[in-house]
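Undergrad: Provided below: entry-v3.pdb, containing PDB, C-alpha atoms.
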```
ATOM      1  CA  MET A   1     106.942 112.133 107.366
ATOM      2  CA  ILE A   2     103.333 112.836 106.525
ATOM      3  CA  ASP A   3     102.167 116.465 106.618
ATOM      4  CA  ILE A   4      98.414 117.059 106.209
ATOM      5  CA  LYS A   5      96.715 120.438 106.395
ATOM      6  CA  ILE A   6      93.538 122.316 105.549
ATOM      7  CA  THR A   7      94.011 126.076 105.459
ATOM      8  CA  LYS A   8      92.216 129.303 104.667
ATOM      9  CA  THR A   9      95.444 130.994 103.560
ATOM     10  CA  SER A  10      97.251 130.657 100.241
ATOM     11  CA  LEU A  11      99.555 127.715  99.596
ATOM     12  CA  ASP A  12     103.244 128.347  99.016
ATOM     13  CA  ILE A  13     104.564 125.899  96.402
ATOM     14  CA  ASN A  14     108.219 126.512  97.208
ATOM     15  CA  LYS A  15     107.750 126.144 100.953
ATOM     16  CA  ILE A  16     105.944 122.826 100.445
ATOM     17  CA  TYR A  17     108.610 121.650  98.017
ATOM     18  CA  GLN A  18     111.351 122.530 100.543
ATOM     19  CA  SER A  19     109.638 120.812 103.463
ATOM     20  CA  THR A  20     108.984 117.658 101.427
ATOM     21  CA  ARG A  21     112.349 117.206  99.690
ATOM     22  CA  THR A  22     115.291 115.560 101.460
ATOM     23  CA  ASN A  23     118.906 114.879 100.555
ATOM     24  CA  GLN A  24     117.985 111.206 100.289
ATOM     25  CA  SER A  25     115.342 111.886  97.611
ATOM     26  CA  GLY A  26     116.206 111.601  93.970
ATOM     27  CA  CYS A  27     113.028 113.487  93.137
ATOM     28  CA  THR A  28     110.101 115.368  94.559
ATOM     29  CA  ASN A  29     106.876 115.195  92.593
ATOM     30  CA  LEU A  30     104.364 118.016  92.987
ATOM     31  CA  PHE A  31     100.741 118.057  91.922
ATOM     32  CA  VAL A  32      99.384 121.598  92.036
ATOM     33  CA  GLY A  33      95.626 121.931  91.543
ATOM     34  CA  THR A  34      94.522 125.420  90.502
ATOM     35  CA  VAL A  35      91.194 127.140  89.885
ATOM     36  CA  ARG A  36      90.482 127.498  86.177
ATOM     37  CA  ASP A  37      88.424 130.319  84.739
ATOM     38  CA  ASN A  38      85.922 128.174  82.879
ATOM     39  CA  ASN A  39      83.834 125.085  83.547
ATOM     40  CA  LEU A  40      81.204 123.563  81.253
ATOM     41  CA  GLY A  41      81.243 126.718  79.157
ATOM     42  CA  ARG A  42      80.647 129.061  82.072
ATOM     43  CA  ASP A  43      82.984 131.800  83.257
ATOM     44  CA  VAL A  44      84.018 130.903  86.793
ATOM     45  CA  LYS A  45      84.512 133.818  89.214
ATOM     46  CA  TYR A  46      85.874 131.791  92.123
ATOM     47  CA  LEU A  47      85.446 128.490  93.991
ATOM     48  CA  ASP A  48      84.248 128.168  97.539
ATOM     49  CA  PHE A  49      85.513 125.035  99.330
ATOM     50  CA  GLU A  50      83.646 123.619 102.284
ATOM     51  CA  THR A  51      85.190 120.893 104.452
ATOM     52  CA  TYR A  52      84.166 118.625 107.297
ATOM     53  CA  GLU A  53      87.541 119.431 108.702
ATOM     54  CA  LYS A  54      88.178 116.795 111.346
ATOM     55  CA  MET A  55      87.003 113.958 109.100
ATOM     56  CA  ALA A  56      88.775 115.401 106.032
ATOM     57  CA  LEU A  57      92.104 115.506 107.895
ATOM     58  CA  LYS A  58      91.592 111.915 109.021
ATOM     59  CA  GLU A  59      90.763 110.712 105.485
ATOM     60  CA  MET A  60      93.738 112.605 104.010
ATOM     61  CA  GLN A  61      96.004 110.992 106.604
ATOM     62  CA  LYS A  62      94.614 107.534 105.716
ATOM     63  CA  ILE A  63      95.284 108.089 102.005
ATOM     64  CA  ALA A  64      98.845 109.220 102.699
ATOM     65  CA  GLU A  65      99.450 106.192 104.940
ATOM     66  CA  THR A  66      98.140 103.847 102.241
ATOM     67  CA  ALA A  67     100.440 105.496  99.692
ATOM     68  CA  GLN A  68     103.360 105.145 102.092
ATOM     69  CA  ALA A  69     102.650 101.429 102.474
ATOM     70  CA  LYS A  70     102.234 100.885  98.725
ATOM     71  CA  TRP A  71     105.231 102.802  97.365
ATOM     72  CA  LYS A  72     108.760 103.549  98.562
ATOM     73  CA  VAL A  73     108.345 107.209  99.383
ATOM     74  CA  ILE A  74     110.130 109.449 101.874
ATOM     75  CA  ASN A  75     107.841 112.397 102.656
ATOM     76  CA  ILE A  76     104.236 113.146 101.738
ATOM     77  CA  THR A  77     102.613 116.579 102.003
ATOM     78  CA  VAL A  78      98.930 117.171 101.263
ATOM     79  CA  HIS A  79      97.619 120.705 101.812
ATOM     80  CA  HIS A  80      94.129 121.783 100.772
ATOM     81  CA  ARG A  81      92.471 125.182 100.783
ATOM     82  CA  GLU A  82      89.164 125.975 102.422
ATOM     83  CA  GLY A  83      86.823 128.891 101.726
ATOM     84  CA  LYS A  84      87.059 131.233  98.756
ATOM     85  CA  VAL A  85      89.791 130.453  96.202
ATOM     86  CA  GLU A  86      90.152 132.809  93.244
ATOM     87  CA  VAL A  87      90.776 131.881  89.599
ATOM     88  CA  GLY A  88      94.475 131.061  89.121
ATOM     89  CA  GLU A  89      95.026 130.396  92.811
ATOM     90  CA  VAL A  90      96.249 127.060  94.144
ATOM     91  CA  ALA A  91      93.502 124.912  95.701
ATOM     92  CA  VAL A  92      95.526 121.818  96.550
ATOM     93  CA  ILE A  93      99.122 120.616  96.598
ATOM     94  CA  VAL A  94     100.261 117.005  96.851
ATOM     95  CA  ALA A  95     104.032 116.658  97.171
ATOM     96  CA  VAL A  96     105.859 113.343  97.396
ATOM     97  CA  SER A  97     109.588 112.753  97.682
ATOM     98  CA  ALA A  98     111.224 109.416  96.956
ATOM     99  CA  ARG A  99     114.541 107.912  95.985
ATOM    100  CA  HIS A 100     113.136 107.049  92.579
ATOM    101  CA  ARG A 101     110.657 108.874  90.392
ATOM    102  CA  ASP A 102     108.181 106.082  89.593
ATOM    103  CA  HIS A 103     107.348 105.707  93.308
ATOM    104  CA  ALA A 104     106.843 109.453  93.778
ATOM    105  CA  ILE A 105     104.767 109.830  90.597
ATOM    106  CA  ASN A 106     102.532 106.803  91.264
ATOM    107  CA  ALA A 107     101.962 107.788  94.890
ATOM    108  CA  THR A 108     101.044 111.348  93.895
ATOM    109  CA  HIS A 109      98.605 110.078  91.273
ATOM    110  CA  TYR A 110      96.959 107.736  93.767
ATOM    111  CA  ILE A 111      96.692 110.436  96.454
ATOM    112  CA  ILE A 112      95.040 113.124  94.318
ATOM    113  CA  ASP A 113      92.633 110.673  92.645
ATOM    114  CA  THR A 114      91.555 109.124  95.940
ATOM    115  CA  LEU A 115      91.282 112.490  97.680
ATOM    116  CA  LYS A 116      88.568 113.584  95.262
ATOM    117  CA  PHE A 117      86.370 110.606  96.102
ATOM    118  CA  THR A 118      86.810 109.966  99.807
ATOM    119  CA  VAL A 119      87.797 113.218 101.531
ATOM    120  CA  PRO A 120      84.771 115.249 102.697
ATOM    121  CA  ILE A 121      85.536 118.445 100.801
ATOM    122  CA  TRP A 122      83.009 120.101  98.500
ATOM    123  CA  LYS A 123      83.416 122.899  96.005
ATOM    124  CA  LYS A 124      80.871 125.445  95.038
ATOM    125  CA  GLU A 125      81.460 127.142  91.722
ATOM    126  CA  VAL A 126      80.503 130.788  91.627
ATOM    127  CA  PHE A 127      79.940 132.173  88.149
ATOM    128  CA  ASP A 128      78.238 135.181  86.605
ATOM    129  CA  GLY A 129      74.575 134.866  87.433
ATOM    130  CA  GLY A 130      74.713 132.071  89.984
ATOM    131  CA  GLU A 131      76.446 129.401  91.936
ATOM    132  CA  GLU A 132      76.388 125.610  91.977
ATOM    133  CA  TRP A 133      77.853 122.720  93.937
ATOM    134  CA  VAL A 134      80.048 120.786  91.564
ATOM    135  CA  SER A 135      79.364 117.071  91.533
ATOM    136  CA  ALA A 136      82.197 114.604  91.738
ATOM    137  CA  HIS A 137      83.693 113.448  88.475
ATOM    138  CA  PRO A 138      86.875 111.562  87.555
TER     139      PRO A 138
ATOM    140  CA  MET B   1      69.410 112.584 120.568
ATOM    141  CA  ALA B   2      72.178 112.735 118.006
ATOM    142  CA  LYS B   3      73.754 115.722 116.318
ATOM    143  CA  VAL B   4      73.396 115.737 112.540
ATOM    144  CA  LEU B   5      75.690 117.859 110.353
ATOM    145  CA  PHE B   6      74.785 118.808 106.789
ATOM    146  CA  PHE B   7      77.413 119.709 104.194
ATOM    147  CA  GLY B   8      77.626 121.023 100.647
ATOM    148  CA  ILE B   9      74.464 120.722  98.610
ATOM    149  CA  THR B  10      72.567 119.053 101.477
ATOM    150  CA  LYS B  11      73.119 122.138 103.646
ATOM    151  CA  ASP B  12      71.659 124.388 100.937
ATOM    152  CA  LEU B  13      68.707 122.101 100.165
ATOM    153  CA  THR B  14      67.661 121.687 103.789
ATOM    154  CA  LYS B  15      68.710 125.221 104.803
ATOM    155  CA  THR B  16      70.176 123.534 107.865
ATOM    156  CA  SER B  17      73.769 123.030 108.941
ATOM    157  CA  THR B  18      73.231 121.326 112.302
ATOM    158  CA  GLU B  19      70.206 119.592 113.746
ATOM    159  CA  ASN B  20      69.535 117.385 116.742
ATOM    160  CA  ILE B  21      67.439 114.356 115.933
ATOM    161  CA  GLU B  22      65.753 111.836 118.157
ATOM    162  CA  ILE B  23      67.198 108.346 117.844
ATOM    163  CA  PRO B  24      64.391 105.828 118.506
ATOM    164  CA  ASN B  25      65.386 103.423 121.327
ATOM    165  CA  ASP B  26      68.766 105.185 121.468
ATOM    166  CA  LYS B  27      70.094 103.180 118.540
ATOM    167  CA  THR B  28      69.234 102.823 114.891
ATOM    168  CA  SER B  29      70.764 101.411 111.732
ATOM    169  CA  VAL B  30      72.122 103.767 109.116
ATOM    170  CA  SER B  31      69.421 102.728 106.636
ATOM    171  CA  GLU B  32      66.696 103.545 109.211
ATOM    172  CA  LEU B  33      68.458 106.805 109.918
ATOM    173  CA  LYS B  34      68.398 107.655 106.205
ATOM    174  CA  ASP B  35      64.621 107.012 106.178
ATOM    175  CA  ILE B  36      64.129 109.308 109.179
ATOM    176  CA  LEU B  37      66.175 112.055 107.522
ATOM    177  CA  LEU B  38      64.394 111.683 104.177
ATOM    178  CA  GLN B  39      61.043 111.939 105.911
ATOM    179  CA  GLN B  40      62.125 115.088 107.704
ATOM    180  CA  TYR B  41      63.925 116.531 104.673
ATOM    181  CA  PRO B  42      62.321 115.095 101.481
ATOM    182  CA  GLU B  43      64.536 117.412  99.397
ATOM    183  CA  LEU B  44      67.515 115.166 100.267
ATOM    184  CA  SER B  45      66.152 112.590  97.801
ATOM    185  CA  LYS B  46      67.413 114.882  95.004
ATOM    186  CA  VAL B  47      70.997 114.042  95.927
ATOM    187  CA  PRO B  48      72.272 110.717  94.558
ATOM    188  CA  ASP B  49      74.781 108.607  96.510
ATOM    189  CA  LEU B  50      74.424 110.238  99.903
ATOM    190  CA  MET B  51      76.859 108.799 102.421
ATOM    191  CA  ILE B  52      76.580 108.887 106.182
ATOM    192  CA  ALA B  53      79.480 109.253 108.573
ATOM    193  CA  ILE B  54      79.220 108.397 112.259
ATOM    194  CA  ASN B  55      81.787 110.059 114.518
ATOM    195  CA  THR B  56      83.887 110.931 111.405
ATOM    196  CA  ASN B  57      83.915 107.389 109.973
ATOM    197  CA  TYR B  58      82.047 106.398 106.819
ATOM    198  CA  ALA B  59      79.178 104.117 107.816
ATOM    199  CA  LYS B  60      77.500 101.266 105.944
ATOM    200  CA  ASP B  61      73.720 100.773 105.884
ATOM    201  CA  ASP B  62      73.791  98.122 108.597
ATOM    202  CA  ASP B  63      76.067 100.085 110.951
ATOM    203  CA  VAL B  64      74.411 101.464 114.055
ATOM    204  CA  ALA B  65      74.066 105.074 115.173
ATOM    205  CA  ARG B  66      73.549 105.714 118.870
ATOM    206  CA  SER B  67      72.333 108.568 120.976
ATOM    207  CA  GLY B  68      75.145 111.094 121.410
ATOM    208  CA  ASP B  69      76.846 110.255 118.105
ATOM    209  CA  GLU B  70      77.880 112.905 115.612
ATOM    210  CA  ILE B  71      76.242 112.020 112.329
ATOM    211  CA  ALA B  72      77.294 113.723 109.099
ATOM    212  CA  ILE B  73      75.440 113.754 105.799
ATOM    213  CA  ILE B  74      78.091 113.445 103.099
ATOM    214  CA  PRO B  75      77.010 114.297  99.528
ATOM    215  CA  PRO B  76      79.424 113.233  96.733
ATOM    216  CA  THR B  77      82.780 114.824  97.519
ATOM    217  CA  ASN B  78      84.977 116.663  95.050
ATOM    218  CA  GLY B  79      87.951 118.336  96.575
ATOM    219  CA  GLY B  80      91.128 118.976  94.625
TER     220      GLY B  80
END
```
Transcribe the structure of this file into structure tokens.

TA:
Amino acid sequence: MIDIKITKTSLDINKIYQSTRTNQSGCTNLFVGTVRDNNLGRDVKYLDFETYEKMALKEMQKIAETAQAKWKVINITVHHREGKVEVGEVAVIVAVSARHRDHAINATHYIIDTLKFTVPIWKKEVFDGGEEWVSAHP
Amino acid sequence: MAKVLFFGITKDLTKTSTENIEIPNDKTSVSELKDILLQQYPELSKVPDLMIAINTNYAKDDDVARSGDEIAIIPPTNGG
């Protein structure tokens, strides 16, 4: 099962873990991306995510399908926030269940790395005294 | 005519989120389209590695945009 979502409401780690895990999985690997309070020496107040939603969902689906073809995984969940996300809040969760951990870990790594480069989502960093679109970096 | 959507930094630079542009002869290559957009919005030249999507698919320079297509200007992405 592949479960892809873009949402304006907060992400529930436990709910995503529960919907991704199965009794056939020996592990469920979660990547939880959160908003940190500092970037390049500036105090971050919050991030504002913009998405080209219909294309972003399509690209996220493609990445998950590629991961499913490359590794032996059971379920993949990729949920991403949109709009204002406060410091400490969860911006993205990638959850992958598999029989064996190396498949789940490698698939998760691939999904989050690829998501940053191909999914049309942009973040604006709002800090004291201004705001700036953050450019893509590894 | 084709609908053009601007996102992220390109939306701020052009102060535009949606625009209808004339497609000469009802079809044009992506590289010609980029020239048209840069002429209309010179400030877009400040953004490196601009990508174009046609009907939600990434397009290469020699792909063709047609009248009625939804064209999106995609600055470097950075979700996550």

Undergrad: With only C-alpha atoms as the basis for distance, which of B:Thr77, B:Lys34, B:Ala72, B:Thr18 is at the shortest distance from chain A?

TA: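 Closest residue, counting only C-alpha atoms: B:Thr77.
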
Undergrad: Dig up all the protein and nucleic acid residues within 7 Å of (62.9, 123.1, 100.8) in the file frame, using only C-alpha atoms, and format them as a list in words.

TA: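 Residues found, by chain and rising number: Leu13, Thr14 and Glu43 of chain B.
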
Undergrad: Compile the residues of chain B that lie within 9 Å of chain A, evaluated using only C-alpha atoms, and express the compilation as JSON, numbers by chain.

TA: {"B": [7, 8, 9, 53, 55, 56, 57, 72, 74, 75, 76, 77, 78, 79, 80]}

Undergrad: Which residues, named as in the file, does the PyMOL selection byres ((chain B and resi 59-67) around 12) pick out? Answer as a PyMOL selection string.

TA: chain B and resi 1-4+20-35+50-58+68-74

Undergrad: Care to translate the PyMOL selection byres ((chain A and resi 108) around 9) into actual residues of this file, as a list in words?

TA: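 Evaluating the PyMOL selection byres ((chain A and resi 108) around 9) on this file yields Asn29, Leu30, Phe31, Ala67, Ile76, Val94, Ala95, Val96, His103, Ala104, Ile105, Asn106, Ala107, His109, Tyr110, Ile111, Ile112 and Asp113 of chain A.
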
Undergrad: Apply the PyMOL selection byres ((chain A and resi 23) around 12) to the file shown and report the selected residues as a ChimeraX atom specification.

TA: /A:18-22,24-28,74-75,97-99

Undergrad: To box segment 35-48 of chain B, take all atoms listed in the file, fit an axis-aligned box, add 4 Å on each side, and give centre and edge lengths in Å to one decimal, as JSON.

TA:
```
{"center_x": 66.7, "center_y": 112.2, "center_z": 101.9, "size_x": 19.2, "size_y": 18.4, "size_z": 22.6}
```

Undergrad: Rounded to one decimal in Å, what is the spacing between atom CA of Ile13 of chain A and atom CA of Val78 of chain A?

TA: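 The value is 11.5 Å.
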
Undergrad: If I take atom CA of Thr16 of chain B and atom CA of Ser45 of chain B, how far is one from the other in Å, to one decimal?

TA: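 Spanning atom CA of Thr16 of chain B to atom CA of Ser45 of chain B is a straight-line distance of 15.4 Å.
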
Undergrad: Go ahead and compute the interatomic distance for atom CA of Tyr41 of chain B and atom CA of Asp12 of chain B, in Å to one decimal.

TA: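 For atom CA of Tyr41 of chain B relative to atom CA of Asp12 of chain B, the distance reads 11.6 Å.
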
Undergrad: Is there a way to complete segment 24-45 of chain B with N, CA and C atoms and then write that out as an mmCIF file, in the coordinates of the input?

TA:
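Resulting contents of selection.cif:
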```cif
data_model
loop_
_atom_site.group_PDB
_atom_site.id
_atom_site.type_symbol
_atom_site.label_atom_id
_atom_site.label_comp_id
_atom_site.auth_asym_id
_atom_site.auth_seq_id
_atom_site.Cartn_x
_atom_site.Cartn_y
_atom_site.Cartn_z
ATOM 1 N N PRO B 24 65.346 106.718 117.830
ATOM 2 C CA PRO B 24 64.391 105.828 118.506
ATOM 3 C C PRO B 24 65.135 104.715 119.257
ATOM 4 N N ASN B 25 64.764 104.455 120.468
ATOM 5 C CA ASN B 25 65.386 103.423 121.327
ATOM 6 C C ASN B 25 66.895 103.622 121.514
ATOM 7 N N ASP B 26 67.353 104.859 121.281
ATOM 8 C CA ASP B 26 68.766 105.185 121.468
ATOM 9 C C ASP B 26 69.726 104.494 120.513
ATOM 10 N N LYS B 27 69.211 103.685 119.586
ATOM 11 C CA LYS B 27 70.094 103.180 118.540
ATOM 12 C C LYS B 27 69.300 102.830 117.296
ATOM 13 N N THR B 28 69.936 103.062 116.147
ATOM 14 C CA THR B 28 69.234 102.823 114.891
ATOM 15 C C THR B 28 70.254 102.505 113.811
ATOM 16 N N SER B 29 69.833 101.721 112.816
ATOM 17 C CA SER B 29 70.764 101.411 111.732
ATOM 18 C C SER B 29 70.866 102.622 110.806
ATOM 19 N N VAL B 30 71.924 102.647 110.041
ATOM 20 C CA VAL B 30 72.122 103.767 109.116
ATOM 21 C C VAL B 30 70.991 103.827 108.094
ATOM 22 N N SER B 31 70.499 102.674 107.633
ATOM 23 C CA SER B 31 69.421 102.728 106.636
ATOM 24 C C SER B 31 68.135 103.289 107.255
ATOM 25 N N GLU B 32 67.866 102.952 108.536
ATOM 26 C CA GLU B 32 66.696 103.545 109.211
ATOM 27 C C GLU B 32 66.893 105.048 109.397
ATOM 28 N N LEU B 33 68.119 105.401 109.724
ATOM 29 C CA LEU B 33 68.458 106.805 109.918
ATOM 30 C C LEU B 33 68.219 107.601 108.625
ATOM 31 N N LYS B 34 68.615 106.985 107.497
ATOM 32 C CA LYS B 34 68.398 107.655 106.205
ATOM 33 C C LYS B 34 66.906 107.877 105.972
ATOM 34 N N ASP B 35 66.081 106.866 106.336
ATOM 35 C CA ASP B 35 64.621 107.012 106.178
ATOM 36 C C ASP B 35 64.090 108.159 107.033
ATOM 37 N N ILE B 36 64.574 108.235 108.276
ATOM 38 C CA ILE B 36 64.129 109.308 109.179
ATOM 39 C C ILE B 36 64.486 110.672 108.576
ATOM 40 N N LEU B 37 65.712 110.766 108.073
ATOM 41 C CA LEU B 37 66.175 112.055 107.522
ATOM 42 C C LEU B 37 65.404 112.424 106.255
ATOM 43 N N LEU B 38 65.127 111.412 105.417
ATOM 44 C CA LEU B 38 64.394 111.683 104.177
ATOM 45 C C LEU B 38 62.957 112.104 104.454
ATOM 46 N N GLN B 39 62.399 111.552 105.535
ATOM 47 C CA GLN B 39 61.043 111.939 105.911
ATOM 48 C C GLN B 39 61.015 113.391 106.369
ATOM 49 N N GLN B 40 62.035 113.739 107.155
ATOM 50 C CA GLN B 40 62.125 115.088 107.704
ATOM 51 C C GLN B 40 62.551 116.094 106.633
ATOM 52 N N TYR B 41 63.401 115.645 105.731
ATOM 53 C CA TYR B 41 63.925 116.531 104.673
ATOM 54 C C TYR B 41 63.772 115.832 103.311
ATOM 55 N N PRO B 42 62.544 115.821 102.750
ATOM 56 C CA PRO B 42 62.321 115.095 101.481
ATOM 57 C C PRO B 42 63.238 115.584 100.360
ATOM 58 N N GLU B 43 63.686 116.849 100.448
ATOM 59 C CA GLU B 43 64.536 117.412 99.397
ATOM 60 C C GLU B 43 65.885 116.672 99.288
ATOM 61 N N LEU B 44 66.255 115.923 100.333
ATOM 62 C CA LEU B 44 67.515 115.166 100.267
ATOM 63 C C LEU B 44 67.471 114.067 99.204
ATOM 64 N N SER B 45 66.257 113.658 98.807
ATOM 65 C CA SER B 45 66.152 112.590 97.801
ATOM 66 C C SER B 45 66.680 113.048 96.438
#
```
